[in-house]
>>> print(open('entry_18.cif').read())   # mmCIF, C-alpha atoms
data_upload
loop_
_atom_site.label_atom_id
_atom_site.label_comp_id
_atom_site.auth_asym_id
_atom_site.auth_seq_id
_atom_site.Cartn_x
_atom_site.Cartn_y
_atom_site.Cartn_z
CA MET A 1 -16.12 -41.25 -34.53
CA ALA A 2 -16.31 -41.76 -38.30
CA LEU A 3 -19.90 -40.85 -39.18
CA LYS A 4 -21.41 -41.54 -42.55
CA VAL A 5 -24.80 -40.41 -43.88
CA ALA A 6 -26.25 -41.64 -47.18
CA ILE A 7 -28.12 -39.08 -49.32
CA VAL A 8 -30.90 -41.07 -50.98
CA GLY A 9 -33.79 -40.21 -53.27
CA LEU A 10 -35.37 -40.68 -56.67
CA PRO A 11 -33.53 -39.25 -59.70
CA ASN A 12 -33.72 -35.46 -60.15
CA VAL A 13 -34.87 -34.52 -56.65
CA GLY A 14 -31.73 -32.47 -55.93
CA LYS A 15 -29.48 -35.03 -54.23
CA SER A 16 -26.33 -34.26 -56.19
CA THR A 17 -26.97 -30.50 -56.04
CA LEU A 18 -27.22 -30.86 -52.27
CA PHE A 19 -24.09 -33.01 -52.13
CA ASN A 20 -22.13 -30.49 -54.20
CA ALA A 21 -23.14 -27.74 -51.81
CA LEU A 22 -22.20 -29.85 -48.81
CA THR A 23 -18.73 -30.59 -50.08
CA LYS A 24 -18.27 -27.29 -51.93
CA THR A 25 -17.14 -29.25 -54.97
CA ALA A 26 -18.55 -30.31 -58.29
CA ALA A 27 -17.51 -33.89 -57.64
CA ALA A 28 -21.04 -35.16 -58.15
CA GLN A 29 -22.38 -34.33 -61.60
CA ALA A 30 -25.76 -32.63 -61.23
CA ALA A 31 -27.56 -33.20 -64.51
CA ASN A 32 -31.16 -33.44 -65.68
CA TYR A 33 -31.32 -37.16 -66.41
CA PRO A 34 -31.56 -40.34 -64.32
CA PHE A 35 -28.44 -42.13 -63.11
CA CYS A 36 -26.10 -39.20 -63.74
CA THR A 37 -24.37 -40.32 -60.53
CA ILE A 38 -22.90 -43.71 -61.41
CA GLU A 39 -20.45 -44.26 -58.55
CA PRO A 40 -21.32 -43.14 -55.02
CA ASN A 41 -19.54 -39.87 -54.31
CA THR A 42 -18.31 -39.32 -50.78
CA GLY A 43 -17.53 -35.99 -49.19
CA ASP A 44 -15.99 -35.17 -45.82
CA VAL A 45 -17.69 -32.11 -44.31
CA ALA A 46 -16.70 -30.03 -41.29
CA VAL A 47 -19.42 -29.84 -38.65
CA PRO A 48 -20.30 -26.13 -38.23
CA GLU A 49 -19.33 -25.08 -34.71
CA PRO A 50 -18.86 -21.33 -34.00
CA ARG A 51 -17.88 -22.07 -30.38
CA LEU A 52 -14.68 -23.68 -31.64
CA ASN A 53 -13.50 -20.39 -33.15
CA GLN A 54 -14.19 -18.56 -29.89
CA LEU A 55 -12.16 -21.09 -27.92
CA ALA A 56 -9.26 -20.96 -30.38
CA GLU A 57 -9.13 -17.17 -30.19
CA ILE A 58 -8.98 -17.18 -26.38
CA ALA A 59 -6.36 -19.94 -26.21
CA GLY A 60 -4.31 -18.60 -29.13
CA SER A 61 -4.55 -21.99 -30.84
CA LYS A 62 -2.40 -22.34 -33.95
CA GLU A 63 -4.81 -24.77 -35.57
CA ILE A 64 -8.59 -25.31 -35.55
CA ILE A 65 -9.78 -28.87 -36.17
CA PRO A 66 -13.57 -29.31 -36.42
CA ALA A 67 -15.44 -32.58 -36.13
CA ARG A 68 -16.20 -34.23 -39.49
CA ILE A 69 -19.13 -36.04 -41.02
CA THR A 70 -19.08 -37.98 -44.29
CA PHE A 71 -21.93 -37.74 -46.78
CA VAL A 72 -22.42 -40.35 -49.50
CA ASP A 73 -24.27 -39.28 -52.64
CA VAL A 74 -26.07 -42.47 -53.72
CA ALA A 75 -27.38 -42.59 -57.31
CA GLY A 76 -31.12 -42.11 -57.78
CA LEU A 77 -33.18 -45.15 -56.85
CA VAL A 78 -36.27 -46.05 -58.89
CA ARG A 79 -39.27 -48.32 -58.50
CA GLY A 80 -37.98 -51.90 -58.69
CA ALA A 81 -34.47 -51.06 -57.42
CA SER A 82 -34.60 -53.99 -54.97
CA LYS A 83 -34.98 -56.29 -57.98
CA GLY A 84 -32.11 -54.63 -59.83
CA GLU A 85 -34.10 -52.04 -61.80
CA GLY A 86 -32.06 -49.02 -62.86
CA LEU A 87 -28.80 -49.57 -61.06
CA GLY A 88 -30.55 -50.67 -57.90
CA ASN A 89 -28.65 -53.50 -56.23
CA GLN A 90 -25.31 -51.76 -56.68
CA PHE A 91 -26.52 -48.66 -54.88
CA LEU A 92 -28.45 -50.44 -52.13
CA ALA A 93 -25.13 -52.01 -51.13
CA ASN A 94 -23.57 -48.55 -50.85
CA ILE A 95 -26.07 -47.59 -48.13
CA ARG A 96 -25.40 -50.53 -45.82
CA ASP A 97 -22.20 -49.21 -44.24
CA CYS A 98 -23.74 -45.80 -43.42
CA ASP A 99 -24.92 -44.70 -39.98
CA ALA A 100 -28.07 -42.93 -41.18
CA ILE A 101 -30.06 -42.12 -44.31
CA ALA A 102 -31.07 -38.63 -45.47
CA PHE A 103 -34.14 -39.10 -47.69
CA VAL A 104 -34.34 -36.17 -50.11
CA ALA A 105 -37.89 -35.38 -51.28
CA ARG A 106 -38.65 -33.00 -54.15
CA CYS A 107 -40.86 -30.20 -52.80
CA PHE A 108 -40.60 -27.80 -55.72
CA VAL A 109 -42.27 -27.46 -59.13
CA ASP A 110 -40.05 -26.87 -62.16
CA ASP A 111 -41.20 -27.91 -65.63
CA ASP A 112 -37.60 -27.79 -66.86
CA ILE A 113 -36.56 -30.60 -64.51
CA THR A 114 -38.12 -33.95 -65.34
CA HIS A 115 -39.44 -36.36 -62.72
CA VAL A 116 -38.91 -40.07 -63.18
CA GLU A 117 -42.54 -40.70 -62.12
CA ASN A 118 -43.92 -37.74 -64.14
CA ARG A 119 -45.52 -36.09 -61.09
CA ILE A 120 -44.63 -34.01 -58.03
CA ASP A 121 -45.53 -35.99 -54.91
CA PRO A 122 -42.89 -35.97 -52.15
CA ILE A 123 -44.74 -38.52 -50.00
CA GLY A 124 -45.07 -40.82 -53.00
CA ASP A 125 -41.32 -40.42 -53.61
CA LEU A 126 -40.51 -41.33 -50.01
CA GLU A 127 -42.81 -44.34 -50.11
CA ILE A 128 -41.16 -45.69 -53.27
CA ILE A 129 -37.71 -45.46 -51.69
CA GLU A 130 -38.82 -46.90 -48.34
CA THR A 131 -40.61 -49.75 -50.12
CA GLU A 132 -37.52 -50.65 -52.15
CA LEU A 133 -35.37 -50.65 -49.02
CA MET A 134 -37.92 -52.80 -47.18
CA LEU A 135 -38.10 -55.29 -50.06
CA ALA A 136 -34.31 -55.51 -50.15
CA ASP A 137 -34.20 -56.20 -46.39
CA LEU A 138 -37.04 -58.71 -46.63
CA GLU A 139 -35.40 -60.69 -49.41
CA SER A 140 -32.02 -60.65 -47.65
CA LEU A 141 -33.42 -61.83 -44.32
CA GLU A 142 -35.66 -64.56 -45.70
CA ARG A 143 -32.76 -65.98 -47.70
CA ARG A 144 -30.44 -65.79 -44.70
CA ARG A 145 -32.98 -67.26 -42.27
CA VAL A 146 -32.89 -70.71 -43.87
CA GLN A 147 -29.18 -71.19 -43.16
CA VAL A 148 -29.27 -69.60 -39.70
CA GLU A 149 -32.22 -71.73 -38.60
CA LYS A 150 -30.32 -74.94 -39.45
CA ARG A 151 -27.38 -73.91 -37.29
CA ALA A 152 -29.67 -72.70 -34.50
CA LYS A 153 -31.43 -76.10 -34.36
CA GLY A 154 -27.99 -77.67 -34.03
CA GLY A 155 -27.50 -75.76 -30.76
CA ASP A 156 -25.27 -72.92 -31.98
CA LYS A 157 -25.89 -70.07 -29.48
CA GLU A 158 -24.80 -67.27 -31.82
CA SER A 159 -27.13 -68.55 -34.55
CA GLN A 160 -30.00 -68.75 -32.07
CA LEU A 161 -29.54 -65.08 -31.20
CA THR A 162 -29.22 -64.13 -34.88
CA LEU A 163 -32.42 -66.07 -35.67
CA LYS A 164 -34.21 -64.18 -32.90
CA MET A 165 -33.08 -60.85 -34.42
CA ILE A 166 -34.08 -61.94 -37.94
CA ASP A 167 -37.59 -62.84 -36.78
CA LEU A 168 -37.82 -59.57 -34.85
CA ALA A 169 -37.03 -57.67 -38.06
CA LEU A 170 -39.26 -59.77 -40.31
CA GLU A 171 -42.38 -59.02 -38.27
CA PRO A 172 -42.64 -55.30 -39.18
CA LEU A 173 -41.17 -55.81 -42.68
CA ARG A 174 -43.84 -58.38 -43.58
CA ALA A 175 -46.42 -55.87 -42.38
CA GLY A 176 -44.99 -53.20 -44.69
CA ARG A 177 -43.15 -51.25 -42.01
CA PRO A 178 -39.39 -50.49 -41.71
CA ALA A 179 -37.26 -52.55 -39.34
CA ARG A 180 -36.43 -49.45 -37.27
CA VAL A 181 -39.85 -49.66 -35.58
CA ALA A 182 -38.90 -52.96 -33.90
CA GLU A 183 -38.19 -52.77 -30.17
CA VAL A 184 -34.67 -54.06 -29.53
CA SER A 185 -33.34 -54.58 -26.02
CA LYS A 186 -30.03 -53.02 -25.02
CA GLU A 187 -28.35 -56.42 -24.66
CA ASP A 188 -29.45 -57.44 -28.17
CA LYS A 189 -28.36 -54.18 -29.82
CA LYS A 190 -25.03 -55.50 -31.11
CA ALA A 191 -26.59 -58.62 -32.66
CA TRP A 192 -29.29 -56.43 -34.23
CA GLU A 193 -26.72 -54.12 -35.82
CA MET A 194 -24.89 -57.12 -37.27
CA LEU A 195 -27.90 -57.71 -39.55
CA GLN A 196 -26.97 -54.48 -41.41
CA LEU A 197 -30.56 -53.69 -42.32
CA LEU A 198 -31.23 -50.73 -44.60
CA THR A 199 -34.53 -49.89 -42.91
CA ALA A 200 -33.03 -50.11 -39.41
CA LEU A 201 -30.90 -47.04 -40.09
CA PRO A 202 -32.14 -43.78 -38.52
CA ALA A 203 -33.97 -41.61 -41.07
CA LEU A 204 -33.68 -37.87 -41.73
CA TYR A 205 -36.19 -36.38 -44.20
CA VAL A 206 -34.87 -33.50 -46.30
CA ALA A 207 -37.54 -31.38 -48.00
CA ASN A 208 -35.87 -29.74 -50.99
CA VAL A 209 -37.88 -26.58 -51.71
CA ASP A 210 -37.72 -23.71 -54.21
CA GLU A 211 -35.78 -20.54 -53.40
CA GLY A 212 -38.89 -18.61 -52.33
CA SER A 213 -39.79 -21.26 -49.74
CA ALA A 214 -36.34 -21.65 -48.18
CA ASP A 215 -37.22 -19.74 -45.00
CA LYS A 216 -40.58 -21.28 -44.05
CA GLY A 217 -41.15 -24.17 -46.42
CA ASN A 218 -44.32 -24.75 -48.45
CA GLU A 219 -47.35 -27.04 -48.61
CA LEU A 220 -45.31 -29.87 -50.07
CA SER A 221 -42.61 -29.66 -47.39
CA GLU A 222 -45.28 -29.62 -44.69
CA THR A 223 -46.53 -33.02 -45.88
CA VAL A 224 -42.96 -34.30 -45.47
CA ALA A 225 -42.76 -32.83 -41.95
CA GLN A 226 -46.04 -34.54 -41.03
CA ARG A 227 -44.73 -37.85 -42.37
CA ALA A 228 -41.50 -37.43 -40.39
CA ARG A 229 -43.41 -36.77 -37.17
CA ALA A 230 -45.50 -39.90 -37.73
CA ASP A 231 -42.34 -41.95 -38.36
CA GLY A 232 -40.44 -40.48 -35.42
CA ALA A 233 -37.85 -39.07 -37.84
CA GLU A 234 -36.06 -35.72 -38.05
CA THR A 235 -36.93 -33.31 -40.88
CA VAL A 236 -35.06 -30.38 -42.45
CA VAL A 237 -36.34 -27.85 -45.00
CA ILE A 238 -33.62 -26.77 -47.40
CA SER A 239 -33.21 -25.27 -50.86
CA ALA A 240 -30.40 -27.21 -52.52
CA GLN A 241 -30.22 -24.60 -55.27
CA ILE A 242 -29.62 -21.76 -52.79
CA GLU A 243 -27.09 -23.85 -50.89
CA SER A 244 -25.13 -24.54 -54.07
CA GLU A 245 -25.04 -20.79 -54.81
CA ILE A 246 -23.85 -19.69 -51.37
CA ALA A 247 -21.36 -22.56 -50.98
CA VAL A 248 -18.81 -20.69 -53.08
CA LEU A 249 -19.19 -17.38 -51.18
CA ASP A 250 -16.99 -16.25 -48.29
CA ASP A 251 -18.53 -15.84 -44.82
CA ALA A 252 -19.36 -12.13 -45.21
CA GLU A 253 -20.99 -12.63 -48.62
CA GLN A 254 -22.89 -15.64 -47.31
CA ALA A 255 -24.29 -13.66 -44.38
CA GLU A 256 -25.39 -10.81 -46.67
CA PHE A 257 -27.04 -13.19 -49.17
CA LEU A 258 -28.82 -15.13 -46.41
CA GLU A 259 -30.12 -11.92 -44.87
CA THR A 260 -31.77 -10.94 -48.16
CA LEU A 261 -33.57 -14.30 -48.10
CA GLY A 262 -34.66 -13.98 -44.47
CA LEU A 263 -32.36 -16.81 -43.35
CA GLU A 264 -30.07 -16.77 -40.32
CA GLU A 265 -27.72 -19.54 -41.45
CA PRO A 266 -27.15 -21.94 -44.35
CA GLY A 267 -29.61 -24.82 -44.50
CA LEU A 268 -26.64 -27.16 -44.60
CA ASN A 269 -25.88 -26.27 -40.97
CA ARG A 270 -29.39 -27.39 -40.01
CA LEU A 271 -28.94 -30.55 -42.05
CA ILE A 272 -25.70 -31.48 -40.27
CA ARG A 273 -27.17 -30.65 -36.85
CA GLY A 274 -30.22 -32.72 -37.77
CA ALA A 275 -27.94 -35.68 -38.48
CA TYR A 276 -26.25 -35.21 -35.09
CA THR A 277 -29.60 -35.07 -33.28
CA LEU A 278 -30.83 -38.10 -35.19
CA LEU A 279 -27.78 -40.14 -34.19
CA GLY A 280 -27.83 -38.93 -30.57
CA LEU A 281 -24.46 -37.21 -30.78
CA GLN A 282 -22.84 -34.23 -29.11
CA THR A 283 -19.51 -32.38 -29.19
CA TYR A 284 -16.83 -31.65 -26.63
CA PHE A 285 -13.64 -29.61 -27.09
CA THR A 286 -9.97 -29.82 -26.24
CA VAL A 287 -8.19 -26.47 -26.33
CA GLY A 288 -4.57 -25.34 -26.07
CA PRO A 289 -1.86 -23.31 -27.81
CA LYS A 290 -1.27 -26.07 -30.37
CA GLU A 291 -4.88 -26.68 -31.44
CA ALA A 292 -8.55 -26.23 -30.65
CA ARG A 293 -10.39 -29.40 -31.59
CA ALA A 294 -13.95 -30.71 -31.58
CA TRP A 295 -14.65 -34.36 -30.74
CA THR A 296 -17.87 -36.28 -31.39
CA ILE A 297 -19.33 -38.52 -28.70
CA PRO A 298 -22.76 -40.07 -28.04
CA VAL A 299 -25.04 -38.19 -25.67
CA GLY A 300 -24.56 -39.79 -22.25
CA ALA A 301 -20.97 -40.92 -22.86
CA THR A 302 -18.80 -41.27 -19.76
CA GLY A 303 -15.46 -39.55 -19.18
CA PRO A 304 -13.43 -42.62 -20.20
CA GLN A 305 -15.54 -43.06 -23.36
CA ALA A 306 -15.02 -39.42 -24.26
CA ALA A 307 -11.27 -39.84 -23.79
CA GLY A 308 -11.37 -42.98 -25.93
CA VAL A 309 -12.27 -41.07 -29.09
CA ILE A 310 -8.91 -39.29 -28.80
CA HIS A 311 -6.99 -42.54 -28.27
CA THR A 312 -8.08 -45.98 -27.09
CA ASP A 313 -5.24 -46.01 -24.53
CA PHE A 314 -6.76 -42.93 -22.88
CA GLU A 315 -9.95 -44.86 -22.19
CA LYS A 316 -8.11 -47.89 -20.80
CA GLY A 317 -5.88 -45.82 -18.51
CA PHE A 318 -8.39 -43.10 -17.62
CA ILE A 319 -8.10 -41.74 -14.08
CA ARG A 320 -9.66 -38.28 -14.28
CA ALA A 321 -10.02 -35.29 -16.58
CA GLU A 322 -9.97 -31.56 -15.89
CA THR A 323 -13.03 -29.95 -17.43
CA VAL A 324 -14.63 -26.53 -17.62
CA ALA A 325 -17.98 -25.42 -19.01
CA PHE A 326 -17.80 -23.52 -22.32
CA ASP A 327 -19.57 -20.42 -20.92
CA ASP A 328 -17.19 -20.27 -17.95
CA TYR A 329 -14.12 -20.67 -20.19
CA VAL A 330 -15.26 -17.78 -22.39
CA ALA A 331 -16.37 -15.51 -19.53
CA LEU A 332 -13.13 -16.04 -17.59
CA LYS A 333 -10.89 -15.70 -20.66
CA GLY A 334 -9.41 -19.16 -20.64
CA GLU A 335 -8.07 -21.98 -18.49
CA ALA A 336 -6.07 -19.83 -16.03
CA GLY A 337 -9.05 -17.61 -15.24
CA ALA A 338 -11.33 -20.62 -14.88
CA ARG A 339 -8.87 -22.28 -12.50
CA GLU A 340 -8.54 -19.13 -10.35
CA ALA A 341 -12.33 -18.79 -10.16
CA GLY A 342 -12.70 -22.43 -9.12
CA LYS A 343 -14.58 -23.33 -12.30
CA LEU A 344 -12.04 -25.93 -13.45
CA ARG A 345 -13.07 -29.26 -11.98
CA ALA A 346 -11.75 -32.82 -11.95
CA GLU A 347 -14.13 -35.45 -13.33
CA GLY A 348 -13.60 -39.12 -12.49
CA LYS A 349 -14.78 -42.22 -14.30
#
>>> encode(input="entry_18.cif", output="structure tokens")
Amino acid sequence: MALKVAIVGLPNVGKSTLFNALTKTAAAQAANYPFCTIEPNTGDVAVPEPRLNQLAEIAGSKEIIPARITFVDVAGLVRGASKGEGLGNQFLANIRDCDAIAFVARCFVDDDITHVENRIDPIGDLEIIETELMLADLESLERRRVQVEKRAKGGDKESQLTLKMIDLALEPLRAGRPARVAEVSKEDKKAWEMLQLLTALPALYVANVDEGSADKGNELSETVAQRARADGAETVVISAQIESEIAVLDDAEQAEFLETLGLEEPGLNRLIRGAYTLLGLQTYFTVGPKEARAWTIPVGATGPQAAGVIHTDFEKGFIRAETVAFDDYVALKGEAGAREAGKLRAEGK
């Protein structure tokens, strides 16, 4: 599954610093002025999965292939972006093909880093961004509704369903709420997704704190956590500055540095896991002498669907799969031991 998460926020909240740390590159210019990111930078990131290394060691795998997630560093949005202020419309379009949005909120005070609104208010920042996305959706839907309604009145079944979805989305948007709060039935899900609404995307709130607050957060990040709980969103506390510093260290140096800060793992790991939780995803592994590989599937996927992410033909021709629990594979030192102990089982459709 090709997963893509947009990193969105006002200028100078730490988006590009976070992106640089995620991708371990300086591809996104992190500078102290608005719109320093002109084109959306994309970075492919390996999903942290220590179990994969354990499996590869037991199986003697020549290659380790982790699951991947793509992050898109979208230039800073400002008040009025939905009307083209700043570089608004261009960047709103860059969000539409993503699977989720990571809203970065500034939860640190630093007089050397300017704020486009001349104040430190993470909730205010989030509300500006959410409002601009809602206005963009509202304008798009109201313009589209006129044409769809004409076709629907003419008896076109597809247009009638689309009109139903448009009206479903317009109800919360006109009330000042994101489209994601609308209740969509399972059978209408595909038609709903075809609307490509910015505010229908799952939201992950990222509280970017100062170095001293990286372990437990601060008062500002707590307000973000409260807002996330109210919105039914995931939240992650992270110090983008720390992450950018440890991104260039090897594993041993990283562990030592994190220990001095009272952290067990990089915040980026929590961010990526938060994205997986938000999107309802999980991982399964295939292991052998050639490679140990992680595959991403939705929680609740069937055997054939899991096989389909390897190759579509595997889903079509699926009969059964031999599986073993991770703990059993490790405890019994591999496939042969698991088979002998009766822990290897055949799973049907």
>>> resolve_selection(input="entry_18.cif", expression="the PyMOL selection byres ((chain A and resi 338) around 12)", output="JSON, numbers by chain")
{"A": [322, 323, 324, 325, 326, 327, 328, 329, 330, 331, 332, 333, 334, 335, 336, 337, 339, 340, 341, 342, 343, 344, 345]}
>>> closest_residue(input="entry_18.cif", among="A:Ala46, A:Leu52, A:Ala179, A:Ala233", to="A:Ile64", atoms="all atoms listed in the file")
A:Leu52
>>> resolve_selection(input="entry_18.cif", expression="the PyMOL selection byres ((chain A and resi 102) around 6)", output="PyMOL selection string")
chain A and resi 6-7+101+103+204-205
>>> residues_around(input="entry_18.cif", residues="A:Arg177", least_positions_apart="3", cutoff="12 Å", atoms="all atoms listed in the file", output="mmCIF file with C-alpha atoms, in the coordinates of the input")
data_model
loop_
_atom_site.group_PDB
_atom_site.id
_atom_site.type_symbol
_atom_site.label_atom_id
_atom_site.label_comp_id
_atom_site.auth_asym_id
_atom_site.auth_seq_id
_atom_site.Cartn_x
_atom_site.Cartn_y
_atom_site.Cartn_z
ATOM 1 C CA GLU A 127 -42.810 -44.340 -50.110
ATOM 2 C CA GLU A 130 -38.820 -46.900 -48.340
ATOM 3 C CA THR A 131 -40.610 -49.750 -50.120
ATOM 4 C CA GLU A 132 -37.520 -50.650 -52.150
ATOM 5 C CA LEU A 133 -35.370 -50.650 -49.020
ATOM 6 C CA MET A 134 -37.920 -52.800 -47.180
ATOM 7 C CA LEU A 135 -38.100 -55.290 -50.060
ATOM 8 C CA ASP A 137 -34.200 -56.200 -46.390
ATOM 9 C CA LEU A 138 -37.040 -58.710 -46.630
ATOM 10 C CA ALA A 169 -37.030 -57.670 -38.060
ATOM 11 C CA LEU A 170 -39.260 -59.770 -40.310
ATOM 12 C CA GLU A 171 -42.380 -59.020 -38.270
ATOM 13 C CA PRO A 172 -42.640 -55.300 -39.180
ATOM 14 C CA LEU A 173 -41.170 -55.810 -42.680
ATOM 15 C CA ARG A 174 -43.840 -58.380 -43.580
ATOM 16 C CA ARG A 180 -36.430 -49.450 -37.270
ATOM 17 C CA VAL A 181 -39.850 -49.660 -35.580
ATOM 18 C CA ALA A 182 -38.900 -52.960 -33.900
ATOM 19 C CA THR A 199 -34.530 -49.890 -42.910
ATOM 20 C CA ALA A 200 -33.030 -50.110 -39.410
ATOM 21 C CA ASP A 231 -42.340 -41.950 -38.360
#
>>> resolve_selection(input="entry_18.cif", expression="the PyMOL selection byres ((chain A and resi 320) around 7)", output="JSON, numbers by chain")
{"A": [318, 319, 321, 322, 346, 347, 348, 349]}
>>> atom_distance(input="entry_18.cif", atom1="atom CA of A:Arg273", atom2="atom CA of A:Glu187")
28.5 Å
